[in-house]
>>> print(open('target-v3.pdb').read())   # PDB, C-alpha atoms, pLDDT in the B column
ATOM      1  CA  MET A   1     106.743 128.231 -50.401  1.00 45.00           C
ATOM      2  CA  LYS A   2     110.015 127.264 -52.055  1.00 50.00           C
ATOM      3  CA  GLU A   3     112.207 128.861 -49.347  1.00 54.00           C
ATOM      4  CA  ASN A   4     110.686 126.566 -46.720  1.00 53.00           C
ATOM      5  CA  ARG A   5     110.976 123.488 -48.892  1.00 59.00           C
ATOM      6  CA  ARG A   6     114.213 122.290 -47.328  1.00 61.00           C
ATOM      7  CA  SER A   7     112.925 122.710 -43.793  1.00 61.00           C
ATOM      8  CA  ASN A   8     111.656 119.563 -42.146  1.00 62.00           C
ATOM      9  CA  ALA A   9     109.270 121.476 -39.891  1.00 65.00           C
ATOM     10  CA  ARG A  10     105.857 122.680 -41.049  1.00 66.00           C
ATOM     11  CA  VAL A  11     104.219 125.591 -39.289  1.00 69.00           C
ATOM     12  CA  PHE A  12     101.601 124.272 -36.852  1.00 68.00           C
ATOM     13  CA  ASP A  13      98.060 124.981 -38.072  1.00 73.00           C
ATOM     14  CA  GLN A  14      95.656 125.393 -35.164  1.00 80.00           C
ATOM     15  CA  GLY A  15      92.682 125.963 -37.480  1.00 83.00           C
ATOM     16  CA  LEU A  16      92.654 122.380 -38.718  1.00 86.00           C
ATOM     17  CA  LEU A  17      92.973 121.068 -35.187  1.00 86.00           C
ATOM     18  CA  VAL A  18      90.084 123.257 -34.006  1.00 86.00           C
ATOM     19  CA  THR A  19      87.952 121.975 -36.906  1.00 87.00           C
ATOM     20  CA  ILE A  20      88.686 118.358 -35.962  1.00 90.00           C
ATOM     21  CA  GLN A  21      87.988 119.071 -32.284  1.00 90.00           C
ATOM     22  CA  LYS A  22      84.619 120.679 -33.053  1.00 89.00           C
ATOM     23  CA  SER A  23      83.651 117.748 -35.246  1.00 89.00           C
ATOM     24  CA  ILE A  24      84.483 115.225 -32.530  1.00 92.00           C
ATOM     25  CA  ILE A  25      82.806 117.233 -29.752  1.00 91.00           C
ATOM     26  CA  LYS A  26      79.592 117.623 -31.801  1.00 89.00           C
ATOM     27  CA  ASP A  27      79.552 113.896 -32.458  1.00 89.00           C
ATOM     28  CA  ILE A  28      80.119 113.050 -28.786  1.00 91.00           C
ATOM     29  CA  LYS A  29      77.268 115.362 -27.736  1.00 89.00           C
ATOM     30  CA  ARG A  30      74.918 114.161 -30.491  1.00 87.00           C
ATOM     31  CA  ASN A  31      75.468 110.528 -29.482  1.00 87.00           C
ATOM     32  CA  ASP A  32      75.489 111.220 -25.731  1.00 90.00           C
ATOM     33  CA  SER A  33      78.897 109.562 -25.652  1.00 91.00           C
ATOM     34  CA  THR A  34      82.363 110.203 -24.147  1.00 92.00           C
ATOM     35  CA  LYS A  35      85.860 111.013 -25.397  1.00 91.00           C
ATOM     36  CA  GLU A  36      86.880 107.525 -24.311  1.00 93.00           C
ATOM     37  CA  ASP A  37      84.150 105.923 -26.449  1.00 93.00           C
ATOM     38  CA  PHE A  38      85.056 108.051 -29.455  1.00 93.00           C
ATOM     39  CA  ALA A  39      88.777 107.342 -29.066  1.00 93.00           C
ATOM     40  CA  SER A  40      88.034 103.631 -28.900  1.00 92.00           C
ATOM     41  CA  GLU A  41      85.975 103.866 -32.112  1.00 91.00           C
ATOM     42  CA  ILE A  42      88.983 105.258 -34.010  1.00 91.00           C
ATOM     43  CA  GLY A  43      91.357 102.757 -32.436  1.00 91.00           C
ATOM     44  CA  ILE A  44      93.226 104.925 -29.918  1.00 91.00           C
ATOM     45  CA  THR A  45      93.017 105.588 -26.188  1.00 91.00           C
ATOM     46  CA  LYS A  46      91.392 108.620 -24.571  1.00 91.00           C
ATOM     47  CA  GLY A  47      94.859 109.858 -23.513  1.00 90.00           C
ATOM     48  CA  THR A  48      96.180 109.597 -27.064  1.00 90.00           C
ATOM     49  CA  LEU A  49      93.110 111.443 -28.372  1.00 90.00           C
ATOM     50  CA  GLU A  50      93.646 114.226 -25.832  1.00 88.00           C
ATOM     51  CA  ASN A  51      97.365 114.427 -26.726  1.00 87.00           C
ATOM     52  CA  LYS A  52      96.571 114.644 -30.438  1.00 86.00           C
ATOM     53  CA  TRP A  53      94.184 117.545 -29.980  1.00 82.00           C
ATOM     54  CA  THR A  54      96.304 119.556 -27.559  1.00 81.00           C
ATOM     55  CA  PHE A  55      97.633 122.770 -29.106  1.00 74.00           C
ATOM     56  CA  SER A  56     100.968 122.483 -27.334  1.00 75.00           C
ATOM     57  CA  ASN A  57     101.601 119.006 -28.762  1.00 68.00           C
ATOM     58  CA  LYS A  58     103.005 119.709 -32.220  1.00 65.00           C
ATOM     59  CA  ILE A  59     104.532 116.260 -32.742  1.00 69.00           C
ATOM     60  CA  ASN A  60     101.707 113.757 -32.349  1.00 71.00           C
ATOM     61  CA  ASP A  61      99.193 114.848 -35.036  1.00 82.00           C
ATOM     62  CA  PHE A  62      96.203 112.874 -36.238  1.00 87.00           C
ATOM     63  CA  THR A  63      97.168 110.435 -38.974  1.00 88.00           C
ATOM     64  CA  ILE A  64      95.429 110.527 -42.351  1.00 91.00           C
ATOM     65  CA  HIS A  65      93.782 107.201 -41.479  1.00 91.00           C
ATOM     66  CA  GLU A  66      92.459 108.627 -38.187  1.00 92.00           C
ATOM     67  CA  LEU A  67      91.230 111.799 -39.893  1.00 92.00           C
ATOM     68  CA  ILE A  68      89.338 109.794 -42.505  1.00 93.00           C
ATOM     69  CA  HIS A  69      87.874 107.579 -39.785  1.00 93.00           C
ATOM     70  CA  ILE A  70      86.820 110.667 -37.790  1.00 93.00           C
ATOM     71  CA  MET A  71      85.035 112.112 -40.832  1.00 91.00           C
ATOM     72  CA  GLU A  72      83.329 108.763 -41.510  1.00 91.00           C
ATOM     73  CA  LEU A  73      82.129 108.455 -37.919  1.00 89.00           C
ATOM     74  CA  THR A  74      80.994 112.048 -37.504  1.00 89.00           C
ATOM     75  CA  GLY A  75      79.643 112.527 -41.023  1.00 84.00           C
ATOM     76  CA  ASP A  76      81.391 115.912 -40.890  1.00 86.00           C
ATOM     77  CA  THR A  77      83.707 116.772 -43.767  1.00 88.00           C
ATOM     78  CA  SER A  78      84.657 120.211 -42.427  1.00 87.00           C
ATOM     79  CA  PRO A  79      88.274 119.069 -41.772  1.00 91.00           C
ATOM     80  CA  LEU A  80      88.542 118.117 -45.453  1.00 91.00           C
ATOM     81  CA  GLU A  81      86.974 121.448 -46.434  1.00 88.00           C
ATOM     82  CA  TYR A  82      89.545 123.222 -44.223  1.00 89.00           C
ATOM     83  CA  ILE A  83      92.371 121.394 -46.000  1.00 90.00           C
ATOM     84  CA  GLY A  84      90.798 122.361 -49.328  1.00 88.00           C
ATOM     85  CA  HIS A  85      90.851 126.030 -48.282  1.00 86.00           C
ATOM     86  CA  MET A  86      94.553 125.708 -47.484  1.00 86.00           C
ATOM     87  CA  PHE A  87      95.133 124.980 -51.174  1.00 88.00           C
ATOM     88  CA  ASP A  88      92.501 127.412 -52.518  1.00 86.00           C
ATOM     89  CA  MET A  89      90.155 124.584 -53.432  1.00 86.00           C
ATOM     90  CA  ALA A  90      86.485 123.952 -52.744  1.00 79.00           C
ATOM     91  CA  VAL A  91      85.226 120.539 -51.637  1.00 79.00           C
ATOM     92  CA  ILE A  92      82.011 119.561 -53.380  1.00 73.00           C
ATOM     93  CA  SER A  93      79.912 116.503 -52.597  1.00 70.00           C
ATOM     94  CA  THR A  94      78.781 114.215 -55.387  1.00 69.00           C
ATOM     95  CA  ASN A  95      76.333 112.345 -53.134  1.00 65.00           C
ATOM     96  CA  THR A  96      72.827 112.768 -54.521  1.00 57.00           C
ATOM     97  CA  GLU A  97      71.189 109.694 -52.965  1.00 63.00           C
ATOM     98  CA  ASN A  98      69.221 111.211 -50.063  1.00 69.00           C
ATOM     99  CA  VAL A  99      66.081 113.279 -50.377  1.00 73.00           C
ATOM    100  CA  THR A 100      66.317 116.805 -48.969  1.00 78.00           C
ATOM    101  CA  SER A 101      63.839 117.946 -46.352  1.00 82.00           C
ATOM    102  CA  VAL A 102      62.234 121.386 -46.436  1.00 86.00           C
ATOM    103  CA  GLU A 103      64.048 122.271 -43.194  1.00 87.00           C
ATOM    104  CA  GLU A 104      67.430 121.188 -44.598  1.00 86.00           C
ATOM    105  CA  LEU A 105      66.965 123.168 -47.815  1.00 89.00           C
ATOM    106  CA  ASN A 106      65.933 126.251 -45.835  1.00 89.00           C
ATOM    107  CA  ARG A 107      68.964 125.872 -43.533  1.00 89.00           C
ATOM    108  CA  LEU A 108      71.315 125.486 -46.508  1.00 90.00           C
ATOM    109  CA  THR A 109      69.717 128.490 -48.223  1.00 93.00           C
ATOM    110  CA  ASP A 110      70.223 130.617 -45.113  1.00 93.00           C
ATOM    111  CA  GLU A 111      73.824 129.425 -44.830  1.00 91.00           C
ATOM    112  CA  ALA A 112      74.501 130.219 -48.500  1.00 92.00           C
ATOM    113  CA  GLN A 113      73.039 133.703 -48.118  1.00 94.00           C
ATOM    114  CA  ILE A 114      75.113 134.388 -44.999  1.00 92.00           C
ATOM    115  CA  GLN A 115      78.310 133.157 -46.662  1.00 91.00           C
ATOM    116  CA  SER A 116      77.564 135.212 -49.779  1.00 94.00           C
ATOM    117  CA  GLY A 117      77.008 138.302 -47.622  1.00 95.00           C
ATOM    118  CA  GLU A 118      80.280 137.720 -45.783  1.00 94.00           C
ATOM    119  CA  SER A 119      82.115 137.357 -49.087  1.00 94.00           C
ATOM    120  CA  PHE A 120      80.476 140.534 -50.414  1.00 96.00           C
ATOM    121  CA  ALA A 121      81.394 142.489 -47.269  1.00 95.00           C
ATOM    122  CA  THR A 122      84.987 141.234 -47.314  1.00 95.00           C
ATOM    123  CA  VAL A 123      85.509 142.298 -50.940  1.00 96.00           C
ATOM    124  CA  LYS A 124      83.832 145.680 -50.432  1.00 96.00           C
ATOM    125  CA  ASN A 125      85.848 146.355 -47.276  1.00 95.00           C
ATOM    126  CA  ALA A 126      89.131 145.382 -48.942  1.00 95.00           C
ATOM    127  CA  SER A 127      88.307 147.535 -51.997  1.00 95.00           C
ATOM    128  CA  LYS A 128      87.701 150.773 -50.058  1.00 94.00           C
ATOM    129  CA  ASP A 129      91.223 152.139 -50.482  1.00 94.00           C
ATOM    130  CA  GLY A 130      91.758 150.794 -54.015  1.00 93.00           C
ATOM    131  CA  VAL A 131      94.739 148.599 -53.079  1.00 94.00           C
ATOM    132  CA  TYR A 132      94.892 145.089 -51.727  1.00 95.00           C
ATOM    133  CA  THR A 133      97.245 143.662 -49.139  1.00 94.00           C
ATOM    134  CA  ALA A 134      98.249 140.001 -49.230  1.00 92.00           C
ATOM    135  CA  GLU A 135      96.073 139.437 -46.154  1.00 93.00           C
ATOM    136  CA  GLU A 136      93.051 141.073 -47.812  1.00 93.00           C
ATOM    137  CA  ILE A 137      93.491 138.909 -50.905  1.00 92.00           C
ATOM    138  CA  GLU A 138      93.681 135.752 -48.768  1.00 90.00           C
ATOM    139  CA  ASP A 139      90.572 136.832 -46.843  1.00 91.00           C
ATOM    140  CA  MET A 140      88.681 137.482 -50.097  1.00 93.00           C
ATOM    141  CA  LYS A 141      89.686 134.067 -51.458  1.00 90.00           C
ATOM    142  CA  LYS A 142      88.698 132.328 -48.224  1.00 88.00           C
ATOM    143  CA  GLU A 143      85.299 134.027 -48.040  1.00 90.00           C
ATOM    144  CA  SER A 144      84.631 133.453 -51.745  1.00 91.00           C
ATOM    145  CA  LEU A 145      85.438 129.749 -51.454  1.00 88.00           C
ATOM    146  CA  GLU A 146      83.181 129.449 -48.417  1.00 87.00           C
ATOM    147  CA  ALA A 147      80.369 131.119 -50.386  1.00 90.00           C
ATOM    148  CA  ILE A 148      80.924 128.772 -53.345  1.00 88.00           C
ATOM    149  CA  GLU A 149      80.883 125.729 -51.063  1.00 87.00           C
ATOM    150  CA  ALA A 150      77.680 126.898 -49.368  1.00 88.00           C
ATOM    151  CA  GLU A 151      76.002 127.454 -52.751  1.00 89.00           C
ATOM    152  CA  GLN A 152      77.196 124.031 -53.911  1.00 86.00           C
ATOM    153  CA  ARG A 153      75.723 122.380 -50.807  1.00 86.00           C
ATOM    154  CA  LYS A 154      72.438 124.175 -51.550  1.00 90.00           C
ATOM    155  CA  LEU A 155      72.564 123.060 -55.199  1.00 88.00           C
ATOM    156  CA  ASP A 156      73.303 119.476 -54.136  1.00 84.00           C
ATOM    157  CA  ALA A 157      70.242 119.608 -51.871  1.00 85.00           C
ATOM    158  CA  ILE A 158      68.095 120.989 -54.684  1.00 88.00           C
ATOM    159  CA  ASN A 159      69.280 118.169 -56.959  1.00 83.00           C
ATOM    160  CA  LYS A 160      67.982 115.678 -54.380  1.00 81.00           C
ATOM    161  CA  LEU A 161      64.455 117.100 -54.498  1.00 84.00           C
ATOM    162  CA  VAL A 162      61.767 114.900 -55.981  1.00 78.00           C
ATOM    163  CA  PRO A 163      59.216 116.889 -57.998  1.00 81.00           C
ATOM    164  CA  VAL A 164      55.550 116.456 -57.212  1.00 80.00           C
ATOM    165  CA  GLU A 165      53.239 115.658 -60.100  1.00 81.00           C
ATOM    166  CA  LEU A 166      50.312 118.098 -60.026  1.00 79.00           C
ATOM    167  CA  GLU A 167      46.953 116.994 -61.350  1.00 77.00           C
ATOM    168  CA  ASP A 168      45.352 119.109 -64.057  1.00 67.00           C
TER     169      ASP A 168
END
>>> encode(input="target-v3.pdb", output="structure tokens")
Amino acid sequence: MKENRRSNARVFDQGLLVTIQKSIIKDIKRNDSTKEDFASEIGITKGTLENKWTFSNKINDFTIHELIHIMELTGDTSPLEYIGHMFDMAVISTNTENVTSVEELNRLTDEAQIQSGESFATVKNASKDGVYTAEEIEDMKKESLEAIEAEQRKLDAINKLVPVELED
């Protein structure tokens, strides 16, 4: 990281852009809306929105303010989680206000199991030859963080459950 410190250009990260795109597209579909409506909600034009999410445009990125506004509007923190992964961190919600439905808890449990299985498979696959490449280590970290985040989301949902008082 230090060698690149003096460079004024950061390597373009398509993964973050894809995450933001997916979040916006899901929101547009869920609300039966348009790109133009969404762009207007975050204070830009449809053309500016399209320029910001074009892979070939490496100059006109989303601002921090726009990214925060996008996450507020969509309710999707996956762009923040992606940034967390970039720095080997997990993003964990502290919101415990809402009650969790049975369907939501089941979905989160399935997701946690899938992520755990992917993490397990990645570690086992990387361990076959007894040595680890830098890429394998990064993959193991990424999958492990995703598994931790999925388990944390499940735990957060469990913490929102309201116990039922059974009669004797």
>>> resolve_selection(input="target-v3.pdb", expression="the PyMOL selection byres ((chain A and resi 157) around 8)", output="PDB file with C-alpha atoms, keeping the file's coordinate frame")
ATOM      1  CA  THR A  96      72.827 112.768 -54.521  1.00 57.00           C
ATOM      2  CA  VAL A  99      66.081 113.279 -50.377  1.00 73.00           C
ATOM      3  CA  THR A 100      66.317 116.805 -48.969  1.00 78.00           C
ATOM      4  CA  GLU A 104      67.430 121.188 -44.598  1.00 86.00           C
ATOM      5  CA  LEU A 105      66.965 123.168 -47.815  1.00 89.00           C
ATOM      6  CA  ARG A 153      75.723 122.380 -50.807  1.00 86.00           C
ATOM      7  CA  LYS A 154      72.438 124.175 -51.550  1.00 90.00           C
ATOM      8  CA  LEU A 155      72.564 123.060 -55.199  1.00 88.00           C
ATOM      9  CA  ASP A 156      73.303 119.476 -54.136  1.00 84.00           C
ATOM     10  CA  ILE A 158      68.095 120.989 -54.684  1.00 88.00           C
ATOM     11  CA  ASN A 159      69.280 118.169 -56.959  1.00 83.00           C
ATOM     12  CA  LYS A 160      67.982 115.678 -54.380  1.00 81.00           C
ATOM     13  CA  LEU A 161      64.455 117.100 -54.498  1.00 84.00           C
TER      14      LEU A 161
END
>>> atom_distance(input="target-v3.pdb", atom1="atom CA of A:Lys29", atom2="atom CA of A:Thr77")
17.3 Å
>>> residues_around(input="target-v3.pdb", residues="stretch 18-25 of chain A", least_positions_apart="5", cutoff="7 Å", atoms="only C-alpha atoms", output="PyMOL selection string")
chain A and resi 53+74+76+78-79
>>> atom_distance(input="target-v3.pdb", atom1="atom CA of A:Lys52", atom2="atom CA of A:Asp88")
25.8 Å
>>> atom_distance(input="target-v3.pdb", atom1="atom CA of A:Ala39", atom2="atom CA of A:Gly15")
20.8 Å
>>> closest_residue(input="target-v3.pdb", among="A:Val131, A:Gly84, A:Phe38, A:Leu17", to="A:Phe55", atoms="only C-alpha atoms")
A:Leu17
>>> resolve_selection(input="target-v3.pdb", expression="the PyMOL selection byres ((chain A and resi 117-119) around 12)", output="PyMOL selection string")
chain A and resi 110-116+120-126+136-150
>>> resolve_selection(input="target-v3.pdb", expression="the PyMOL selection byres ((chain A and resi 36) around 10)", output="PyMOL selection string")
chain A and resi 28+33-35+37-41+44-50
>>> write_last_selection(input="target-v3.pdb", atoms="C-alpha atoms", output="PDB file, in the coordinates of the input")
ATOM      1  CA  ILE A  28      80.119 113.050 -28.786  1.00 91.00           C
ATOM      2  CA  SER A  33      78.897 109.562 -25.652  1.00 91.00           C
ATOM      3  CA  THR A  34      82.363 110.203 -24.147  1.00 92.00           C
ATOM      4  CA  LYS A  35      85.860 111.013 -25.397  1.00 91.00           C
ATOM      5  CA  ASP A  37      84.150 105.923 -26.449  1.00 93.00           C
ATOM      6  CA  PHE A  38      85.056 108.051 -29.455  1.00 93.00           C
ATOM      7  CA  ALA A  39      88.777 107.342 -29.066  1.00 93.00           C
ATOM      8  CA  SER A  40      88.034 103.631 -28.900  1.00 92.00           C
ATOM      9  CA  GLU A  41      85.975 103.866 -32.112  1.00 91.00           C
ATOM     10  CA  ILE A  44      93.226 104.925 -29.918  1.00 91.00           C
ATOM     11  CA  THR A  45      93.017 105.588 -26.188  1.00 91.00           C
ATOM     12  CA  LYS A  46      91.392 108.620 -24.571  1.00 91.00           C
ATOM     13  CA  GLY A  47      94.859 109.858 -23.513  1.00 90.00           C
ATOM     14  CA  THR A  48      96.180 109.597 -27.064  1.00 90.00           C
ATOM     15  CA  LEU A  49      93.110 111.443 -28.372  1.00 90.00           C
ATOM     16  CA  GLU A  50      93.646 114.226 -25.832  1.00 88.00           C
TER      17      GLU A  50
END
